[in-house]
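Undergrad: Before I ask anything, here is the structure I am working with.
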Amino acid sequence: MAKMRDLESVSIDPQVQFLLDKARNENVLTAFDRADMMNICGFGSTGVCCRHCLEGPCRIAPNGKGPQTGVCGADVHQIVARSFLNHLTQGSSGHAEHGREVALTLLEVAEGKAPYQIKDVDKLYRVAHDLEIVTEDLSMNEVAKEVALKALEDFQKQTGIMNWVKLRAHEDSLNTWNKLGITPVNAHLEITKAVARNAMGCDADPTNLILGGVTMGLIDGYAGLHLSTDLQDILFGTPKAVKAKYSMAVLDEKKINIAVHGHIPMLSEKSVEWSRRLEDEAIKQGATGINIVGVCCTGNELLMRQGVSVASSFSSQELVIVSGVLEAMVVDIQCIMPGIQQVAECYHTEIITTLPYVKIAGATHVNFEPSEADEAAQEIVMKAINRFSKRDPEKISIPDQTVDAYAGFSTEQIVEALSGLNGEDPLKPVIDALVSGKIRGIAALVGCTNPREKQDYGNTVVTKELLKNNVLVVSTGCAAHSLAKHNLMNFDGLEYCGEGLKEVLEAVGNAAGLPSLPPTMHMGSCVDNSRPADLLTAIANRLGVSMNELPAVGSCPETHSPKALSIGTFFIAHGIDVHIGVSPQLSGSEFVTNVLYGDRTDEHEVNADKLFGGKLIYEQDPYTAAKLLLERIDMKRETLLNKL
Ligand code: SF4
Ligand code: MSK
């Protein structure tokens, strides 16, 4: 039996430590302990193992003592580049599928076939206008239908450029992609092409494969992130600043607890609605009400728009069940550990899957279709209510003390807050602060938590180091969960900010009637990484420069997901440096790592920094990572200030 890490090495969150201890005492295995039991494979972890055909598996000996090519003759660089493209294709398809599901829902709503109301009519008309849809003589639903059809074209058209690329991309970035011939036409076409070129006997040029990977990054960014955010804002409302609660302590022993988990907000929005409508049924069962809590990005979606409390990020999702008070965990898509079912079988929790192509053996399945959203949500909430009486009082234990956090910082909300300082030119205060050095740069702290890593450690250390050095930090995904739990999204966290940054946050906050803005701003879920991209595009346009000239970086210290690699590639394609704190499994090929990690000063190398103006930074130590990010911020800052 492998030795398990002590609790302090697993997470810096005492509530997660508490529930992991409970799980261990009750002989319940969770991801943290499974990670300790797993031997790391030296071939897989460096990307040199290929299973692309039945001649294999083939693996390349890293020390030169053994085969240096696969049976087909593929060398280590080809194998590692293909493995990277594979990860990017997987990541971008998840987000593209998310975007397509939302587009289909908008279409059904517009046609009166699904029971949702369009919440942000202004945004609908803004997006329609920017897509060059003539809206005169059209009803609101007809406009929504035209927007939905334009979105679906991005999964169908055979020539030209994706509508959402034209809608959202910075012109200079688009010119670069056009010159390289990597601008996407439609998401399904590009994903199919990526799978096809990656097959045995196809693309065997590592540089070409990596460029194919950049196209996957663009698919993620436009068919996934931007398209999903725009349409979700139209359907469910553009987020506004909201105060909410974080930590496992948001579970309520007296109430029926339902966790919503995954990514797509269509069902979870309805679950919140039906939990209110069925309160009386809960009371009949002896509970005081129904408590919906969020896990992962479905949690982020509800937090941003409805202020729903968030219980857990990715790596501790099973521990929500270990509390013994969770009646149901309702899941949609992505980042759902199959292990939740094994853990649920040790308690009274019902796991409910909702999409026909995402089921878990042993779990209950309630099929979700937007047209029957009310029926599905009602059935799910009733199932949870009926589980309440099955609780085992011996197994109940919930940590106390929630943490307050401010969220809801859509780009629109940030611009509105800034307009309190300068209504005519809202971005001017940020630009002035960047030029004066009160703000040294801008960072998006994004991504996941990973059961192999010490939970929240990398995310909070990188953030605190950047804040201390006056970098403005925005955040999304499970990384935002780490920051919120550790007081980096409430005013207590202002103590971590450098003086210049603190002054700016307080000035903007005061103008909006608050003591300050929080030290870091929660911009939403994984697909809402479109929001930092929008903010940077607006700043670049306001300054009249390219995105790659901004002193801006992304950091993803604790990722587990290939989606983080495809989102990161989307930012690198704009020339924004991206740090990753977990091995991207590329070290087997010096060629591939040179292309991705190489510097613009390298001689005789084609690399990302030279092509796009940004690169991938792989660094496990969060203190060193922050130092490297600050160096890149300063380098770009100096060039920018000379140009202005
Ligand atoms: Fe081996 Fe080539 Fe087949 Fe990969 S594609 S498994 S390297 S023969
Ligand atoms: S849920 S991709 S663990 S952020 Fe978006 Fe969290 Fe990462 Fe999944």
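Ordering of the structure tokens sets the chain letters (A, B, ...), residue numbers begin anew at 1 in every chain, and ligands are numbered from 1 in the order given.
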Using only C-alpha atoms and all ligand atoms, which residues have at least one atom no more than 6 Å from ligand 1? Output them as a list in words.
TA: Cys50, Arg51, His52, Cys53, Leu54, Glu55, Gly56, Pro57, Cys58, Gly70, Val71, Cys72, Ala74 and Met200 of chain A
Undergrad: Output the neighbourhood of ligand 2 as an NGL selection string, that is, all protein and nucleic acid residues with some atom at most 10 Å from the ligand, counting only C-alpha atoms and all ligand atoms.
TA: :A and (91 or 94-95 or 261-264 or 295-301 or 312-315 or 317 or 333-336 or 446-450 or 476-481 or 524-528 or 556 or 558-565 or 567)
Undergrad: Enumerate the residues of range 134-351 of chain A with a DSSP assignment of strand (DSSP E or B), computed from the backbone, and present them as a VMD selection string.
TA: chain A and resid 242 to 246 256 to 262 290 to 295 310 to 312 326 to 331 350 to 351
Undergrad: Met489 in chain A: which residues within 12 Å, counting only C-alpha atoms, same-chain residues fewer than 3 positions away excluded, as a VMD selection string?
TA: chain A and resid 241 to 246 403 to 409 460 463 to 464 473 to 476 479 to 486 492 to 497 516 to 523
Undergrad: Please, which residues in range 35-127 of chain A fall within 6 Å of range 220-237 of chain A when counting only C-alpha atoms, and what is the closest atom pair and distance in Å to one decimal for each, ordered by chain then residue number, as JSON lines?
TA:
```
{"residue": "A:Ser92", "atom": "CA", "partner": "A:Asp220", "partner_atom": "CA", "distance": 4.3}
{"residue": "A:His95", "atom": "CA", "partner": "A:Gly224", "partner_atom": "CA", "distance": 4.3}
{"residue": "A:Ala96", "atom": "CA", "partner": "A:Gly224", "partner_atom": "CA", "distance": 4.3}
{"residue": "A:Gly99", "atom": "CA", "partner": "A:Ser228", "partner_atom": "CA", "distance": 4.6}
{"residue": "A:Ile118", "atom": "CA", "partner": "A:Leu235", "partner_atom": "CA", "distance": 4.6}
{"residue": "A:Lys119", "atom": "CA", "partner": "A:Gly237", "partner_atom": "CA", "distance": 4.8}
{"residue": "A:Asp120", "atom": "CA", "partner": "A:Ile234", "partner_atom": "CA", "distance": 4.7}
{"residue": "A:Lys123", "atom": "CA", "partner": "A:Ile234", "partner_atom": "CA", "distance": 5.9}
{"residue": "A:Leu124", "atom": "CA", "partner": "A:Ile234", "partner_atom": "CA", "distance": 5.5}
```
Undergrad: Mind checking DSSP for range 489-633 of chain A and telling me the helix (DSSP H, G or I) residues as a PyMOL selection string?
TA: chain A and resi 491-496+499-511+527-543+547-549+562-573+590-597+608-612+622-633
Undergrad: Report as a VMD selection string all protein, DNA and RNA residues lying within 12 Å of Lys643 in chain A, evaluated on only C-alpha atoms, omitting residues in the same chain fewer than 4 positions from it.
TA: chain A and resid 435 543 to 546 549 to 550 636 to 639
Undergrad: Which residues are near Glu279 in chain A? Cut-off 9 Å, only C-alpha atoms, ignore same chain within fewer than 5 positions. Put them as a count of residues only.
TA: 5
Undergrad: Write out as an mmCIF file with N, CA and C atoms, in the first residue's frame the residues lying within 10 Å of Glu350 in chain A, counting only C-alpha atoms and excluding same-chain residues fewer than 6 positions away.
TA:
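What follows is the written file result_8.cif:
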```
data_model
loop_
_atom_site.group_PDB
_atom_site.id
_atom_site.type_symbol
_atom_site.label_atom_id
_atom_site.label_comp_id
_atom_site.auth_asym_id
_atom_site.auth_seq_id
_atom_site.Cartn_x
_atom_site.Cartn_y
_atom_site.Cartn_z
ATOM 1 N N ILE A 258 -28.281 20.116 -2.543
ATOM 2 C CA ILE A 258 -28.100 19.621 -3.918
ATOM 3 C C ILE A 258 -26.864 20.318 -4.488
ATOM 4 N N ILE A 321 -19.504 15.002 -0.854
ATOM 5 C CA ILE A 321 -20.367 13.859 -0.516
ATOM 6 C C ILE A 321 -20.028 13.327 0.872
ATOM 7 N N LEU A 326 -25.214 15.589 1.728
ATOM 8 C CA LEU A 326 -25.546 15.909 0.337
ATOM 9 C C LEU A 326 -26.564 14.901 -0.195
ATOM 10 N N GLU A 327 -27.739 15.398 -0.541
ATOM 11 C CA GLU A 327 -28.793 14.494 -1.020
ATOM 12 C C GLU A 327 -28.556 14.106 -2.476
ATOM 13 N N ALA A 328 -28.138 15.050 -3.289
ATOM 14 C CA ALA A 328 -27.925 14.729 -4.708
ATOM 15 C C ALA A 328 -26.789 15.560 -5.271
ATOM 16 N N MET A 329 -26.041 14.941 -6.174
ATOM 17 C CA MET A 329 -25.062 15.687 -6.965
ATOM 18 C C MET A 329 -25.506 15.540 -8.426
ATOM 19 N N VAL A 330 -25.866 16.681 -9.010
ATOM 20 C CA VAL A 330 -26.394 16.685 -10.374
ATOM 21 C C VAL A 330 -25.276 17.130 -11.302
ATOM 22 N N ILE A 340 -16.991 9.883 -8.055
ATOM 23 C CA ILE A 340 -18.092 10.384 -7.206
ATOM 24 C C ILE A 340 -19.131 9.294 -6.964
ATOM 25 N N GLN A 341 -19.317 8.398 -7.943
ATOM 26 C CA GLN A 341 -20.319 7.345 -7.768
ATOM 27 C C GLN A 341 -19.858 6.360 -6.683
ATOM 28 N N ALA A 344 -20.333 8.080 -3.448
ATOM 29 C CA ALA A 344 -21.761 8.235 -3.128
ATOM 30 C C ALA A 344 -22.335 6.934 -2.587
ATOM 31 N N GLY A 362 -23.962 3.028 -12.632
ATOM 32 C CA GLY A 362 -24.450 3.002 -11.252
ATOM 33 C C GLY A 362 -25.216 4.249 -10.862
ATOM 34 N N ALA A 363 -25.033 5.340 -11.602
ATOM 35 C CA ALA A 363 -25.729 6.591 -11.267
ATOM 36 C C ALA A 363 -27.124 6.595 -11.875
ATOM 37 N N THR A 364 -27.986 7.457 -11.324
ATOM 38 C CA THR A 364 -29.321 7.666 -11.905
ATOM 39 C C THR A 364 -29.163 8.579 -13.116
ATOM 40 N N ILE A 380 -35.518 16.083 -10.771
ATOM 41 C CA ILE A 380 -34.240 16.016 -10.051
ATOM 42 C C ILE A 380 -34.391 16.546 -8.626
ATOM 43 N N LYS A 383 -36.210 14.092 -6.498
ATOM 44 C CA LYS A 383 -35.358 12.952 -6.125
ATOM 45 C C LYS A 383 -34.497 13.313 -4.915
ATOM 46 N N ALA A 384 -33.957 14.533 -4.935
ATOM 47 C CA ALA A 384 -33.120 14.974 -3.804
ATOM 48 C C ALA A 384 -33.957 15.048 -2.525
ATOM 49 N N ARG A 387 -34.485 11.828 -0.859
ATOM 50 C CA ARG A 387 -33.280 11.214 -0.260
ATOM 51 C C ARG A 387 -33.050 11.669 1.184
#
```
Undergrad: In terms of the shortest atom-to-atom distance over only C-alpha atoms, which of A:Leu641, A:Ala444, A:Gly614, A:Thr624 is closest to Asp432 in chain A?
TA: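 Of all the options, A:Leu641 lies closest to Asp432 in chain A.
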Undergrad: Could you list, with a cut-off of 9 Å and counting only C-alpha atoms, the residues of range 540-605 of chain A near range 172-176 of chain A, each shown with its nearest atom pair and the distance in Å rounded to one decimal, rows sorted by chain and ascending number, as CSV?
TA:
```
residue,atom,partner,partner_atom,distance
A:Val545,CA,A:Asp172,CA,8.5
A:Ser546,CA,A:Asp172,CA,5.9
A:Met547,CA,A:Ser173,CA,7.4
A:Asn548,CA,A:Ser173,CA,8.4
A:Ala573,CA,A:Ser173,CA,7.5
A:His574,CA,A:Ser173,CA,5.6
A:Gly575,CA,A:Ser173,CA,8.1
```
Undergrad: Identify, on the basis of only C-alpha atoms, every residue whose closest approach to Gly217 in chain A does not exceed 6 Å; exclude the query and any residue fewer than 4 positions from it along the same chain; express the result as a ChimeraX atom specification.
TA: /A:566-567,569-570
